[in-house]
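K.L.:
Here's a structure for you.
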Amino acid sequence: MMDRRALLCVLAALPFAGGARADALAGGRLFEYPQMTSAHAAPRNVTVWLPPGYDESARRYPVLYMHDGQNLFDATRSAFGEWGVDEHLTRLAETGQVRLPIVVGVWNTPLRLREYVPADLIAALPAEIRSSLLGLYGGEPLSDGYLHFLVDDLKPMIDSAWRTLPGRDDTVIAGSSMGGLISLYAMMKHPEVFGSAGCLSTHWPLRLERLEGGALETWREAVVQAWSDVIRAGLPDPATHRLYMDRGDETLDQFYAFFQSRIDTVIRAEGWGPDRFRSLVFPTAEHNEKSWNSRLDVPLTFLLPPV
């Protein structure tokens, strides 16, 4: 009798099976898995972008997994605008600047904060700050379960259903804001799976509201120290991995400089040179999809360089 994973793989290979939705794009094709279930995480939609030429060839492709999947391809399905991932990759591939990947857009859920905040970081925080964050986020982190969904459920299905290059060196994970946190965490917790991580406008401060006076200084120092300890202990080998980070300096991104500069120092001290680690600042860039769309070429060419 066919087990559940095998059945999912068979269904995935059928263009309209199981209520899935196939859409045509100017470049490539979208395939949607509605409300994927898992024992590890809440149900969610997953959108797969198959690049131009996929149906006409037998080649295999690297895979780029991205969080907040509803914001990647179609502005009509996003409340905040879209990244234009398909347009960027199609254009960059035409000029030989990237290896053209399959893109897996993993949608977020109402549990986004708890799924994207790294559990190891929360555990490393002082008790008072940890308690404050758990109250703000609505409970304990769910990030380890979310990563198990990606690694144990979603990736095996994607690798079976589509012509992927399944190895570490061809598997990239990326996101913005809290999605930047979980992308870094994914590479640290599963370095055998994810060879590269892209973290745009990474939300290091953890809290969205401003703190005043001495409370702000105490909070920032405690949080950045916890981050430094967790990252120092968890970073994989720079000889086999790539890491991209960036930030703007407007809206929410204006609060990131203090954290990012300290994190950069930690990462470089662990032997990550410029060929493996990049941390950039984009003046006037804001914390939104429009800004991430405008600079997306930069992380894509670094994380998916041509062979």
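Every chain in the structure tokens takes a letter, A first, then B, and so on in the order presented; its residues are numbered from 1, and the ligands are numbered from 1 following the presented order.
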Extract, using only C-alpha atoms, all DNA, RNA and protein residues at most 7 Å from Thr171 of chain A, discarding same-chain residues fewer than 5 positions from it, and format them as a list in words.

P.N.:
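These residues fall inside the cut-off: Pro62, Val63, Leu64, Pro166, Val193, Phe194, Gly195 and Ser196 of chain A.
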
K.L.:
Export, as a PDB file, in the first residue's frame, the selected residues with C-alpha atoms.

P.N.:
```
ATOM      1  CA  PRO A  62      18.878  24.053  -8.008  1.00  0.00           C
ATOM      2  CA  VAL A  63      16.079  24.991  -5.617  1.00  0.00           C
ATOM      3  CA  LEU A  64      15.481  28.292  -3.837  1.00  0.00           C
ATOM      4  CA  PRO A 166      18.784  17.926  -4.260  1.00  0.00           C
ATOM      5  CA  VAL A 193      20.460  20.560   3.687  1.00  0.00           C
ATOM      6  CA  PHE A 194      20.877  24.294   3.040  1.00  0.00           C
ATOM      7  CA  GLY A 195      24.132  25.437   1.478  1.00  0.00           C
ATOM      8  CA  SER A 196      23.239  29.127   1.284  1.00  0.00           C
TER       9      SER A 196
END
```

K.L.:
Within segment 98-137 of chain A, find each residue whose DSSP state, derived from the backbone, is alpha helix (DSSP H), and express the selection as a ChimeraX atom specification.

P.N.:
/A:112-116,119-124,127-137

K.L.:
Include C-alpha atoms and write out the residues we just selected as a tab-separated table (two decimals), in the first residue's frame.

P.N.:
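As written to disk, selection_34.tsv reads:
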```
chain	number	residue	atom	x	y	z
A	112	ARG	CA	4.28	33.56	11.49
A	113	LEU	CA	6.06	35.20	14.43
A	114	ARG	CA	6.34	31.99	16.39
A	115	GLU	CA	7.33	29.95	13.32
A	116	TYR	CA	10.01	32.39	12.20
A	119	ALA	CA	14.00	28.84	19.22
A	120	ASP	CA	17.69	28.72	20.16
A	121	LEU	CA	17.79	32.50	20.32
A	122	ILE	CA	14.74	32.72	22.58
A	123	ALA	CA	16.30	30.12	24.90
A	124	ALA	CA	19.51	32.19	25.11
A	127	ALA	CA	14.46	35.47	31.48
A	128	GLU	CA	12.78	38.87	31.62
A	129	ILE	CA	13.26	39.58	27.93
A	130	ARG	CA	12.30	36.03	27.00
A	131	SER	CA	9.07	36.31	28.96
A	132	SER	CA	8.24	39.65	27.34
A	133	LEU	CA	8.76	38.26	23.85
A	134	LEU	CA	6.74	35.11	24.45
A	135	GLY	CA	3.86	37.29	25.57
A	136	LEU	CA	4.21	39.49	22.50
A	137	TYR	CA	4.46	36.53	20.10
```

K.L.:
As a list in words, please: the residues near Arg276 of chain A (cut-off 8 Å, only C-alpha atoms, same-chain neighbours under 4 positions excluded).

P.N.:
Pro238, Ala239, His241, Arg242, Leu243 and Trp272 of chain A

K.L.:
Could you please take those selected residues and save N, CA, C and O atoms as a tab-separated table (two decimals), in the first residue's frame?

P.N.:
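Produced file result_12.tsv, reproduced below:
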```tsv
chain	number	residue	atom	x	y	z
A	238	PRO	N	32.31	27.93	6.63
A	238	PRO	CA	32.26	28.86	5.50
A	238	PRO	C	32.84	28.29	4.21
A	238	PRO	O	32.56	28.81	3.13
A	239	ALA	N	33.62	27.25	4.31
A	239	ALA	CA	34.17	26.64	3.10
A	239	ALA	C	33.10	25.97	2.26
A	239	ALA	O	33.30	25.75	1.06
A	241	HIS	N	29.52	26.88	2.65
A	241	HIS	CA	28.26	27.60	2.72
A	241	HIS	C	28.44	29.07	2.32
A	241	HIS	O	29.54	29.60	2.33
A	242	ARG	N	27.31	29.70	1.96
A	242	ARG	CA	27.28	31.13	1.62
A	242	ARG	C	26.21	31.81	2.46
A	242	ARG	O	25.16	31.21	2.72
A	243	LEU	N	26.46	33.06	2.82
A	243	LEU	CA	25.51	33.81	3.63
A	243	LEU	C	25.44	35.25	3.13
A	243	LEU	O	26.46	35.93	3.03
A	272	TRP	N	34.49	33.83	7.87
A	272	TRP	CA	33.67	34.06	6.68
A	272	TRP	C	34.22	35.26	5.91
A	272	TRP	O	34.01	36.40	6.29
```

K.L.:
Among segment 126-280 of chain A, which residues does DSSP mark as strand (DSSP E or B) when it is run on the backbone? Keep the chain and numbering as in the structure and answer as a ChimeraX atom specification.

P.N.:
/A:164,171-176,196-200,242-248,277-280

K.L.:
Any idea what's packed within 12 Å of Gly53 of chain A, counting only C-alpha atoms, ignoring anything in its chain fewer than 3 positions away? Could you give it as an MDAnalysis selection string?

P.N.:
chainID A and resid 26:29 49:50 56:61 90 93:94 100:102

K.L.:
Could you tell me how far atom CA of Val281 of chain A lies from atom CA of Thr240 of chain A, in Å and to one decimal?

P.N.:
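Straight-line distance from atom CA of Val281 of chain A to atom CA of Thr240 of chain A works out to 24.8 Å.
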
K.L.:
Could you check the closest approach to Ile263 of chain A for each of A:Ala285, A:Val48, A:Leu304, A:Leu184 and tell me which residue wins, using only C-alpha atoms?

P.N.:
A:Leu184

K.L.:
Extract, using only C-alpha atoms, all DNA, RNA and protein residues at most 12 Å from Arg295 of chain A, discarding same-chain residues fewer than 4 positions from it, and format them as a PDB file with C-alpha atoms, in the first residue's frame.

P.N.:
```pdb
ATOM      1  CA  TRP A  83       9.121  40.652  -4.930  1.00  0.00           C
ATOM      2  CA  GLY A  84       8.940  39.847  -8.653  1.00  0.00           C
ATOM      3  CA  VAL A  85      11.139  36.793  -8.124  1.00  0.00           C
ATOM      4  CA  HIS A  88      14.305  38.906 -11.719  1.00  0.00           C
ATOM      5  CA  LEU A 200      17.180  40.711   3.730  1.00  0.00           C
ATOM      6  CA  SER A 201      16.335  43.398   6.306  1.00  0.00           C
ATOM      7  CA  MET A 245      22.634  39.833   4.611  1.00  0.00           C
ATOM      8  CA  ASP A 246      21.515  43.386   3.969  1.00  0.00           C
ATOM      9  CA  ARG A 247      19.512  46.288   5.362  1.00  0.00           C
ATOM     10  CA  GLY A 248      18.150  49.674   4.393  1.00  0.00           C
ATOM     11  CA  LEU A 280      25.336  45.358   2.465  1.00  0.00           C
ATOM     12  CA  VAL A 281      23.566  48.630   3.230  1.00  0.00           C
ATOM     13  CA  PHE A 282      21.127  50.186   0.753  1.00  0.00           C
ATOM     14  CA  PRO A 283      20.668  53.910   1.502  1.00  0.00           C
ATOM     15  CA  THR A 284      17.039  55.140   1.497  1.00  0.00           C
ATOM     16  CA  ALA A 285      15.714  51.556   1.310  1.00  0.00           C
ATOM     17  CA  GLU A 286      12.613  50.901   3.409  1.00  0.00           C
ATOM     18  CA  ASN A 288       8.819  46.574   2.457  1.00  0.00           C
ATOM     19  CA  GLU A 289       8.382  44.378  -0.613  1.00  0.00           C
ATOM     20  CA  LYS A 290       9.008  47.281  -2.978  1.00  0.00           C
ATOM     21  CA  SER A 291      12.488  47.757  -1.510  1.00  0.00           C
ATOM     22  CA  PRO A 299      21.322  38.468  -3.312  1.00  0.00           C
ATOM     23  CA  LEU A 300      20.267  36.277  -6.233  1.00  0.00           C
ATOM     24  CA  THR A 301      23.576  36.693  -8.069  1.00  0.00           C
TER      25      THR A 301
END
```
